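Enquirer: Take a look at the following structure, please.
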Amino acid sequence: MSVAAIADKLTVGGRLTRDEALECYLQAPTSLLGRLANRARQVRHPEGLVTYIIDRNVNYTNVCVARCKFCAFYRGVGSSEGYTLGFDEIFGKIEETISLGGGQLLLQGGHNPDIPIEWYEDLFREVKIRYPDFRLHALSPPEVIHISRLSQLPTATVIARLIAAGLDSVPGGGAEILVDRVRKELNCYSKATAEEWLGVMRDAHEAGLRTTATMMYGTVETLEERLEHLFRLRELQDETGGFTAFITWSYQPEHTELGGNEATGIDYLRTLALARLVLDNFDNLQASWVTQGGKVGQLSLAYGANDMGSVMIEENVVRAAGAEFCMDEFEVVRNIENAGFIAKRRNMHYEVLGDPVFRQRNVPRMRELAVARGDGRGGEAEDLRAYEARSAAAKRTRLGQ
Amino acid sequence: MLNDLESKAAGGEPLSRLEAERVLACPDLVSVGSLAERARSARHGDVVTYVQVLTVEGDAVPADVGDAREVRIAARPESFDAAGAQVGAVVAASGTVPVTGFSAADLFELAGGDLQRLAAGARRLNDAGLVAVAFLPVDRLDAPGEVVRALRDGGLQVFRATVDRAGTAAERLDCIERVAKLQVEGFALRAFAPLPRFDEAEVPSSGYDDVRTIAVARLVCAAVPSIQVDWTLCGPKLAQVAIAYGADDIDNVPAIDTLGLGRRRRPDEDVARQIVAAFAAPAARDGCFERIP
């Protein structure tokens with residue numbers, strides 16, 4: 001089918017097939033892709049709102065046994081640069097987030113063999129006791145799988161226990177490209193196969209949680225594989241309807257084992273637009289200004305995105321790979337309004353919470369993102385000593401040897 | 001929404017102020033880009049040029065010009081004597097690479113606003129080896145045409161117009177119109193870089209602002225061959241996206257590989273990759289706008 005015929009099909013509400021999506025990516029001018037994606041966004045969001053959330057990406061540990069080739073954030077077990085935050089450090093971050101108008105942590109971390117499920121349960125319970133309205137958007141599918149393996153429990157049971165402790169929703173991290181050939185080449189197959197990642201999301205949706213979905217493109221995948229990822233998400237969404245949003249970003253190569261080039265700005269806008277067209281059952285697409293920069297991030301709103309993502313008070317993972325963009329709420333709102341949209345705060349369920357916080361009260365400007373530990377210290381917090389360790393290094397530390 | 005302007009864009013006919021204001025206010029950004037891209041393609045086909053520039057700050061003299069095709073002195077001189085001395089030293093260090101430098105507005109101020117003194121100063125700089133003035137900030141000059149004429153009388157080329165500061169859309173459009181007018185008056189500029197070189201720290205321009213400015217510059221300055229975007233100033237991503245909004249020349253690609261992009265690619269490889277990924281054909285040029293085979 002020609003691109004023109006595909007465009008006509010989309011205009012009348014038709015659904016893209018794999019072949020048609022590939023034809024679009026290969027042949028359609030960027031302007032046509034943008035126009036089609038923008039129309040699809042308008043149909044889904046005719047009110048002209050662009051939303052954002054105030055939250056904080058807290059990476060509770062950088063110790064990880066997965067060793068993905070594209071990751072610049074992780075440290076091996078026993079590394080002097082490895083850290084695990086303590087409960088008090090996390091509570092401090094929550095309080096700072098609340099003071100800036102935020103109501104959620106995006107809590108993710110490495111696959112640390114020395115953090116048992118009880119640590120997460122205790123943390124979540126304590127958060128809910130101290131901050132009852134605060135939301136925990138926590139533990140991507142590979143982390144759930146990691147906890148499942150450590151605890152010898154099915155992923156559905158892990159999710160049920162975490163929900164009981166206070167888990168509110170699951171972030172879509174660790175999806176990378178949901179094709180096992182790619183995952184094997186990136187050395188992330190063992191942390192979660194494509195089917196395992198989708199399986200955790202299915203479990204979460206069946207348990208009543210809403211989740212997001214992501215895609216990190218621009219490593220070793222072919223265009224067909226990038227599209228396969230989108231179609232697998234679309235199929236699961238048809239089945240469960242549990243995804244609230246899709247977020248894509250380009251691989252950030254700096255300081256990684258894989259190295260190589262970062263995908264270009266136009267590739268990002270085309271990929272985003274195509275995602276809007278393929279993922280016709282997703283309500284929300286986020287702009288990834290953290291990886292693309294504020295300006296191309298804002299341009300995303302013309303290529304299918306309807307959400308500016310997070311006023312991210314803290315971020316550690318993509319920063320480790322070279323992306324250091326920062327936008328506070330003032331900047332996020334300014335960019336939304338400058339693009340001709342109405343800016344509204346939302347929660348993880350994409351329910352509108354209201355107008356910008358800085359228009360209601362004084363909020364300090366934020367010029368740079370916070371980091372996991374301001375002083376860059378490694379080491380695990382004292383409170384971890386109450387939990388059983390798996391690695392020899394952590395056992396020695398916790399025994400005080 | 002902008003369909004009625006397509007034939008003008010494709011035919012190389014400049015937009016009027018009213019039409020340009022419509023484009024600037026158009027909420028359908030993709031259509032704005034589409035229009036400007038049409039104008040770019042009509043003029044340049046799929047070719048996008050780029051130049052590697054070594055920028056010399058202050059009174060420095062480069063020890064190595066790397067892969068530079070232009071050495072650009074970006075300093076505000078204290079006197080024509082001092083400027084001439086620096087040009088001489090930079091030219092000696094640059095070999096056959098064209099040396100450009102200074103802002104026409106700074107030189108005009110240095111000449112006390114006197115066009116004859118400006119021409120004399122330009123002559124001294126040209127004698128020292130300066131090929132062209134690097135910046136012609138149309139926002140800072142009341143009569144940019146007279147300044148260009150004086151500089152050319154002194155032997156210096158003025159290849160391109162630039163903008164120092166223009167915060168609002170109206171200010172940016174004013175600058176664009178001034179450049180269009182200069183060109184209609186026969187000043188034969190080779191390029192126009194419409195994005196301000198200096199942004200407001202508190203309220204920087206947005207991506208929408210920047211690509212709209214590029215697009216409107218392409219559509220209004222139909223007689224100016226090239227619309228430039230600064231690789232270093234904008235960053236590779238926005239510079240690349242600007243191609244889809246009418247830019248056809250990428251200025252200020254670093255001449256020296258600082259390994260900032262890693263060991264796997266050099267700046268010229270990266271800019272070529274970005275241009276190809278924007279569905280265009282890269283072509284290197286030098287500081288005199290001559291293509292490099």
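Ordering of the structure tokens sets the chain letters (A, B, ...); residue numbers start at 1 within each chain; ligands are numbered from 1 in the order shown.
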Name the residues in contact with stretch 377-392 of chain A at a cut-off of 6 Å, using only C-alpha atoms, excluding same-chain residues fewer than 4 positions from it; report them as an MDAnalysis selection string.

Expert: chainID A and resid 80:86 113:114 398

Enquirer: Those same residues - N, CA, C and O atoms - I'd like them written as an mmCIF file, in the first residue's frame.

Expert:
```cif
data_model
loop_
_atom_site.group_PDB
_atom_site.id
_atom_site.type_symbol
_atom_site.label_atom_id
_atom_site.label_comp_id
_atom_site.auth_asym_id
_atom_site.auth_seq_id
_atom_site.Cartn_x
_atom_site.Cartn_y
_atom_site.Cartn_z
ATOM 1 N N SER A 80 33.173 0.157 45.112
ATOM 2 C CA SER A 80 33.190 1.235 46.106
ATOM 3 C C SER A 80 32.241 2.364 45.707
ATOM 4 O O SER A 80 31.888 3.206 46.523
ATOM 5 N N GLU A 81 31.843 2.399 44.432
ATOM 6 C CA GLU A 81 30.901 3.432 43.981
ATOM 7 C C GLU A 81 29.456 2.954 44.045
ATOM 8 O O GLU A 81 28.540 3.698 43.696
ATOM 9 N N GLY A 82 29.278 1.717 44.449
ATOM 10 C CA GLY A 82 27.916 1.206 44.573
ATOM 11 C C GLY A 82 27.238 1.805 45.788
ATOM 12 O O GLY A 82 27.865 2.042 46.816
ATOM 13 N N TYR A 83 25.946 2.108 45.670
ATOM 14 C CA TYR A 83 25.233 2.672 46.825
ATOM 15 C C TYR A 83 23.844 2.052 46.928
ATOM 16 O O TYR A 83 23.279 1.574 45.941
ATOM 17 N N THR A 84 23.323 2.057 48.115
ATOM 18 C CA THR A 84 21.908 1.787 48.340
ATOM 19 C C THR A 84 21.420 2.812 49.356
ATOM 20 O O THR A 84 22.037 2.984 50.416
ATOM 21 N N LEU A 85 20.354 3.507 48.996
ATOM 22 C CA LEU A 85 19.851 4.551 49.878
ATOM 23 C C LEU A 85 19.175 3.940 51.104
ATOM 24 O O LEU A 85 18.593 2.857 51.040
ATOM 25 N N GLY A 86 19.230 4.679 52.184
ATOM 26 C CA GLY A 86 18.499 4.278 53.374
ATOM 27 C C GLY A 86 17.099 4.863 53.373
ATOM 28 O O GLY A 86 16.791 5.787 52.602
ATOM 29 N N PRO A 113 21.460 -7.834 44.440
ATOM 30 C CA PRO A 113 21.147 -9.138 45.037
ATOM 31 C C PRO A 113 21.024 -9.084 46.561
ATOM 32 O O PRO A 113 20.603 -10.062 47.177
ATOM 33 N N ASP A 114 21.358 -7.944 47.113
ATOM 34 C CA ASP A 114 21.376 -7.851 48.574
ATOM 35 C C ASP A 114 20.199 -7.058 49.133
ATOM 36 O O ASP A 114 20.241 -6.586 50.266
ATOM 37 N N ARG A 398 27.582 -6.382 56.277
ATOM 38 C CA ARG A 398 26.488 -6.371 57.247
ATOM 39 C C ARG A 398 26.881 -7.058 58.551
ATOM 40 O O ARG A 398 26.283 -6.791 59.593
#
```

Enquirer: With a distance threshold of 10 Å and counting only C-alpha atoms, extract the residues of chain B near chain A and express them as a JSON list (two decimals) with N, CA, C and O atoms, in the first residue's frame.

Expert:
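And here is the file that came out, out-v7.json:
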```
[["chain", "number", "residue", "atom", "x", "y", "z"],
["B", 25, "ALA", "N", 2.09, 32.69, 13.71],
["B", 25, "ALA", "CA", 1.01, 32.42, 14.65],
["B", 25, "ALA", "C", 0.31, 31.08, 14.40],
["B", 25, "ALA", "O", -0.56, 30.69, 15.17],
["B", 26, "CYS", "N", 0.72, 30.40, 13.36],
["B", 26, "CYS", "CA", 0.01, 29.17, 12.98],
["B", 26, "CYS", "C", 0.23, 28.08, 14.05],
["B", 26, "CYS", "O", 1.38, 27.72, 14.35],
["B", 27, "PRO", "N", -0.82, 27.54, 14.62],
["B", 27, "PRO", "CA", -0.64, 26.51, 15.65],
["B", 27, "PRO", "C", -0.18, 25.17, 15.08],
["B", 27, "PRO", "O", 0.33, 24.34, 15.81],
["B", 28, "ASP", "N", -0.37, 24.99, 13.79],
["B", 28, "ASP", "CA", 0.02, 23.72, 13.16],
["B", 28, "ASP", "C", 1.48, 23.81, 12.73],
["B", 28, "ASP", "O", 1.82, 24.16, 11.60],
["B", 29, "LEU", "N", 2.35, 23.46, 13.68],
["B", 29, "LEU", "CA", 3.79, 23.64, 13.46],
["B", 29, "LEU", "C", 4.29, 22.81, 12.28],
["B", 29, "LEU", "O", 5.16, 23.25, 11.52],
["B", 30, "VAL", "N", 3.74, 21.62, 12.13],
["B", 30, "VAL", "CA", 4.22, 20.75, 11.06],
["B", 30, "VAL", "C", 3.94, 21.38, 9.69],
["B", 30, "VAL", "O", 4.78, 21.30, 8.78],
["B", 31, "SER", "N", 2.82, 22.06, 9.56],
["B", 31, "SER", "CA", 2.52, 22.73, 8.28],
["B", 31, "SER", "C", 3.48, 23.88, 8.03],
["B", 31, "SER", "O", 3.85, 24.15, 6.88],
["B", 32, "VAL", "N", 3.89, 24.54, 9.10],
["B", 32, "VAL", "CA", 4.89, 25.62, 8.96],
["B", 32, "VAL", "C", 6.18, 25.04, 8.39],
["B", 32, "VAL", "O", 6.78, 25.57, 7.44],
["B", 33, "GLY", "N", 6.59, 23.90, 8.97],
["B", 33, "GLY", "CA", 7.81, 23.25, 8.50],
["B", 33, "GLY", "C", 7.68, 22.79, 7.07],
["B", 33, "GLY", "O", 8.61, 22.94, 6.26],
["B", 34, "SER", "N", 6.54, 22.25, 6.75],
["B", 34, "SER", "CA", 6.31, 21.72, 5.42],
["B", 34, "SER", "C", 6.44, 22.82, 4.37],
["B", 34, "SER", "O", 7.06, 22.65, 3.32],
["B", 35, "LEU", "N", 5.90, 23.98, 4.70],
["B", 35, "LEU", "CA", 5.96, 25.13, 3.79],
["B", 35, "LEU", "C", 7.41, 25.58, 3.57],
["B", 35, "LEU", "O", 7.86, 25.80, 2.45],
["B", 37, "GLU", "N", 10.12, 23.87, 4.19],
["B", 37, "GLU", "CA", 10.91, 22.81, 3.57],
["B", 37, "GLU", "C", 10.72, 22.85, 2.06],
["B", 37, "GLU", "O", 11.65, 22.61, 1.29],
["B", 202, "GLU", "N", 16.62, 33.95, 31.71],
["B", 202, "GLU", "CA", 15.43, 33.62, 32.48],
["B", 202, "GLU", "C", 14.33, 33.02, 31.61],
["B", 202, "GLU", "O", 13.61, 32.13, 32.03],
["B", 203, "VAL", "N", 14.20, 33.56, 30.42],
["B", 203, "VAL", "CA", 13.14, 33.08, 29.53],
["B", 203, "VAL", "C", 13.76, 32.78, 28.16],
["B", 203, "VAL", "O", 13.62, 33.55, 27.21],
["B", 204, "PRO", "N", 14.45, 31.67, 28.06],
["B", 204, "PRO", "CA", 15.10, 31.35, 26.78],
["B", 204, "PRO", "C", 14.06, 31.05, 25.71],
["B", 204, "PRO", "O", 12.90, 30.73, 26.01],
["B", 205, "SER", "N", 14.47, 31.14, 24.47],
["B", 205, "SER", "CA", 13.54, 30.84, 23.38],
["B", 205, "SER", "C", 13.20, 29.36, 23.43],
["B", 205, "SER", "O", 13.95, 28.54, 23.97],
["B", 206, "SER", "N", 12.08, 29.03, 22.84],
["B", 206, "SER", "CA", 11.64, 27.63, 22.86],
["B", 206, "SER", "C", 11.95, 26.98, 21.52],
["B", 206, "SER", "O", 12.32, 27.66, 20.54],
["B", 207, "GLY", "N", 11.75, 25.68, 21.46],
["B", 207, "GLY", "CA", 11.92, 24.97, 20.20],
["B", 207, "GLY", "C", 10.95, 25.47, 19.14],
["B", 207, "GLY", "O", 11.33, 25.67, 17.98],
["B", 208, "TYR", "N", 9.70, 25.70, 19.54],
["B", 208, "TYR", "CA", 8.72, 26.25, 18.60],
["B", 208, "TYR", "C", 9.18, 27.60, 18.08],
["B", 208, "TYR", "O", 9.09, 27.88, 16.89],
["B", 209, "ASP", "N", 9.63, 28.48, 19.00],
["B", 209, "ASP", "CA", 10.10, 29.81, 18.58],
["B", 209, "ASP", "C", 11.19, 29.68, 17.53],
["B", 209, "ASP", "O", 11.19, 30.37, 16.51],
["B", 210, "ASP", "N", 12.14, 28.80, 17.81],
["B", 210, "ASP", "CA", 13.31, 28.71, 16.95],
["B", 210, "ASP", "C", 12.98, 28.15, 15.57],
["B", 210, "ASP", "O", 13.42, 28.69, 14.55],
["B", 211, "VAL", "N", 12.21, 27.07, 15.53],
["B", 211, "VAL", "CA", 11.96, 26.51, 14.19],
["B", 211, "VAL", "C", 11.00, 27.41, 13.40],
["B", 211, "VAL", "O", 11.10, 27.51, 12.17],
["B", 234, "CYS", "N", 22.94, 25.70, 18.87],
["B", 234, "CYS", "CA", 21.65, 25.00, 18.96],
["B", 234, "CYS", "C", 21.78, 23.56, 19.43],
["B", 234, "CYS", "O", 20.81, 22.99, 19.93],
["B", 235, "GLY", "N", 22.94, 22.99, 19.24],
["B", 235, "GLY", "CA", 23.09, 21.56, 19.51],
["B", 235, "GLY", "C", 22.69, 20.77, 18.27],
["B", 235, "GLY", "O", 21.88, 21.22, 17.46],
["B", 236, "PRO", "N", 23.25, 19.57, 18.13],
["B", 236, "PRO", "CA", 23.01, 18.78, 16.92],
["B", 236, "PRO", "C", 21.54, 18.47, 16.66],
["B", 236, "PRO", "O", 21.10, 18.48, 15.51],
["B", 237, "LYS", "N", 20.78, 18.22, 17.72],
["B", 237, "LYS", "CA", 19.40, 17.79, 17.48],
["B", 237, "LYS", "C", 18.54, 18.90, 16.89],
["B", 237, "LYS", "O", 17.85, 18.71, 15.90],
["B", 238, "LEU", "N", 18.58, 20.07, 17.52],
["B", 238, "LEU", "CA", 17.76, 21.16, 17.01],
["B", 238, "LEU", "C", 18.30, 21.61, 15.65],
["B", 238, "LEU", "O", 17.52, 21.94, 14.75],
["B", 239, "ALA", "N", 19.62, 21.62, 15.50],
["B", 239, "ALA", "CA", 20.20, 22.02, 14.22],
["B", 239, "ALA", "C", 19.71, 21.09, 13.11],
["B", 239, "ALA", "O", 19.37, 21.53, 12.01],
["B", 240, "GLN", "N", 19.63, 19.81, 13.43],
["B", 240, "GLN", "CA", 19.15, 18.87, 12.41],
["B", 240, "GLN", "C", 17.67, 19.08, 12.12],
["B", 240, "GLN", "O", 17.24, 19.10, 10.96],
["B", 241, "VAL", "N", 16.88, 19.23, 13.18],
["B", 241, "VAL", "CA", 15.44, 19.43, 12.98],
["B", 241, "VAL", "C", 15.20, 20.72, 12.17],
["B", 241, "VAL", "O", 14.25, 20.79, 11.38],
["B", 242, "ALA", "N", 16.08, 21.70, 12.34],
["B", 242, "ALA", "CA", 15.91, 22.97, 11.61],
["B", 242, "ALA", "C", 15.93, 22.75, 10.10],
["B", 242, "ALA", "O", 15.35, 23.55, 9.35],
["B", 243, "ILE", "N", 16.57, 21.69, 9.66],
["B", 243, "ILE", "CA", 16.59, 21.39, 8.21],
["B", 243, "ILE", "C", 15.15, 21.14, 7.72],
["B", 243, "ILE", "O", 14.79, 21.52, 6.62],
["B", 244, "ALA", "N", 14.37, 20.52, 8.58],
["B", 244, "ALA", "CA", 12.97, 20.26, 8.21],
["B", 244, "ALA", "C", 12.12, 21.52, 8.32],
["B", 244, "ALA", "O", 10.93, 21.48, 8.01],
["B", 245, "TYR", "N", 12.73, 22.61, 8.74],
["B", 245, "TYR", "CA", 12.01, 23.88, 8.84],
["B", 245, "TYR", "C", 12.67, 24.96, 7.98],
["B", 245, "TYR", "O", 12.48, 26.14, 8.21],
["B", 260, "GLY", "N", 34.38, 15.01, 22.55],
["B", 260, "GLY", "CA", 33.10, 15.18, 23.24],
["B", 260, "GLY", "C", 32.05, 14.23, 22.72],
["B", 260, "GLY", "O", 31.08, 13.92, 23.40],
["B", 261, "LEU", "N", 32.20, 13.80, 21.50],
["B", 261, "LEU", "CA", 31.24, 12.87, 20.91],
["B", 261, "LEU", "C", 31.75, 11.43, 21.03],
["B", 261, "LEU", "O", 31.19, 10.52, 20.44],
["B", 262, "GLY", "N", 32.84, 11.26, 21.78],
["B", 262, "GLY", "CA", 33.41, 9.92, 21.91],
["B", 262, "GLY", "C", 34.43, 9.67, 20.81],
["B", 262, "GLY", "O", 34.59, 10.46, 19.88],
["B", 263, "ARG", "N", 35.13, 8.56, 20.95],
["B", 263, "ARG", "CA", 36.21, 8.26, 20.01],
["B", 263, "ARG", "C", 35.70, 7.72, 18.68],
["B", 263, "ARG", "O", 36.45, 7.55, 17.74],
["B", 264, "ARG", "N", 34.43, 7.41, 18.63],
["B", 264, "ARG", "CA", 33.93, 6.73, 17.44],
["B", 264, "ARG", "C", 33.54, 7.66, 16.31],
["B", 264, "ARG", "O", 33.23, 7.24, 15.23],
["B", 265, "ARG", "N", 33.41, 8.96, 16.57],
["B", 265, "ARG", "CA", 33.02, 9.84, 15.46],
["B", 265, "ARG", "C", 33.58, 11.24, 15.67],
["B", 265, "ARG", "O", 33.70, 11.73, 16.79],
["B", 270, "ASP", "N", 29.79, 13.43, 12.24],
["B", 270, "ASP", "CA", 28.52, 13.53, 12.94],
["B", 270, "ASP", "C", 27.57, 14.47, 12.20],
["B", 270, "ASP", "O", 26.38, 14.15, 12.03],
["B", 273, "ARG", "N", 26.28, 12.72, 9.19],
["B", 273, "ARG", "CA", 25.31, 11.69, 9.59],
["B", 273, "ARG", "C", 23.95, 12.33, 9.89],
["B", 273, "ARG", "O", 22.90, 11.83, 9.48],
["B", 274, "GLN", "N", 24.00, 13.45, 10.58],
["B", 274, "GLN", "CA", 22.75, 14.12, 10.95],
["B", 274, "GLN", "C", 22.02, 14.65, 9.70],
["B", 274, "GLN", "O", 20.79, 14.59, 9.61],
["B", 275, "ILE", "N", 22.81, 15.17, 8.75],
["B", 275, "ILE", "CA", 22.17, 15.72, 7.53],
["B", 275, "ILE", "C", 21.54, 14.58, 6.73],
["B", 275, "ILE", "O", 20.41, 14.69, 6.24],
["B", 277, "ALA", "N", 20.47, 11.80, 7.88],
["B", 277, "ALA", "CA", 19.29, 11.33, 8.62],
["B", 277, "ALA", "C", 18.12, 12.31, 8.50],
["B", 277, "ALA", "O", 16.99, 11.97, 8.84],
["B", 278, "ALA", "N", 18.40, 13.50, 8.02],
["B", 278, "ALA", "CA", 17.31, 14.46, 7.74],
["B", 278, "ALA", "C", 16.91, 14.39, 6.28],
["B", 278, "ALA", "O", 16.25, 15.30, 5.78],
["B", 279, "PHE", "N", 17.30, 13.32, 5.60],
["B", 279, "PHE", "CA", 16.94, 13.07, 4.20],
["B", 279, "PHE", "C", 17.52, 14.13, 3.27],
["B", 279, "PHE", "O", 16.89, 14.55, 2.31]]
```

Enquirer: Find the spatial neighbours of stretch 126-141 of chain A, counting only C-alpha atoms, within a cut-off of 10 Å - ignore same-chain residues fewer than 6 positions away - and output them as a PyMOL selection string.

Expert: chain A and resi 55+57-58+87+90-91+94-95+97-98+102-110+120+147+155+159+162-163+165-175+191-192+196-201+203-204+210-213+347-348

Enquirer: Would you please give, as a ChimeraX atom specification, all residues of stretch 93-333 of chain A that DSSP assigns to strand (DSSP E) based on the backbone?

Expert: /A:104-108,135-138,169-170,210-217,243-250,284-286,307-312

Enquirer: Identify, on the basis of only C-alpha atoms, every residue whose closest approach to stretch 99-101 of chain B does not exceed 12 Å; exclude the query and any residue fewer than 6 positions from it along the same chain; express the result as an MDAnalysis selection string.

Expert: chainID B and resid 53:59 61:62 65 68:77 83:84 86:93 107 122 125:126 128:136 156:160 286:288

Enquirer: Using only C-alpha atoms, can you tell me which of B:Leu233, B:Ala39, B:Pro98, B:Glu6 comes closest to B:Leu219?

Expert: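 Among B:Leu233, B:Ala39, B:Pro98, B:Glu6, it is B:Ala39 that comes nearest to B:Leu219.
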
Enquirer: Figure out the distance between atom CA of B:Ala10 and atom CA of B:Arg178, please, to one decimal in Å.

Expert: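 Taking atom CA of B:Arg178 as the start and atom CA of B:Ala10 as the end point, the length is 22.3 Å.
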
Enquirer: Each residue of stretch 253-278 of chain A lying at most 12 Å from stretch 239-248 of chain A should get a row with its shortest atom-to-atom pair and the distance in Å to one decimal, counting only C-alpha atoms; could you produce that, ordered by chain and increasing number, as JSON lines?

Expert:
```
{"residue": "A:Asp267", "atom": "CA", "partner": "A:Thr248", "partner_atom": "CA", "distance": 11.5}
{"residue": "A:Tyr268", "atom": "CA", "partner": "A:Thr248", "partner_atom": "CA", "distance": 8.4}
{"residue": "A:Leu269", "atom": "CA", "partner": "A:Thr248", "partner_atom": "CA", "distance": 10.2}
{"residue": "A:Arg270", "atom": "CA", "partner": "A:Thr248", "partner_atom": "CA", "distance": 11.3}
{"residue": "A:Thr271", "atom": "CA", "partner": "A:Thr248", "partner_atom": "CA", "distance": 8.1}
{"residue": "A:Leu272", "atom": "CA", "partner": "A:Thr248", "partner_atom": "CA", "distance": 7.0}
{"residue": "A:Ala273", "atom": "CA", "partner": "A:Thr248", "partner_atom": "CA", "distance": 10.7}
{"residue": "A:Leu274", "atom": "CA", "partner": "A:Thr248", "partner_atom": "CA", "distance": 11.0}
{"residue": "A:Ala275", "atom": "CA", "partner": "A:Phe246", "partner_atom": "CA", "distance": 8.4}
{"residue": "A:Arg276", "atom": "CA", "partner": "A:Phe246", "partner_atom": "CA", "distance": 8.9}
{"residue": "A:Val278", "atom": "CA", "partner": "A:Phe246", "partner_atom": "CA", "distance": 11.3}
```

Enquirer: With distances taken over only C-alpha atoms, which residue among A:Gln252, A:Gln42, A:Asn112, A:Thr11 lies nearest A:Ala72?

Expert: A:Gln252

Enquirer: Can you tell me how far atom CA of A:Leu227 sits from atom CA of A:Trp249, in Å to one decimal?

Expert: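 Here the two named atoms are 14.3 Å from each other.
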
Enquirer: Please provide as a ChimeraX atom specification all residues within 8 Å of B:Val229, with the sequence filter that same-chain residues fewer than 2 positions apart are discarded (counting only C-alpha atoms).

Expert: /B:193-195,227,231,234,239,242,247,249-251
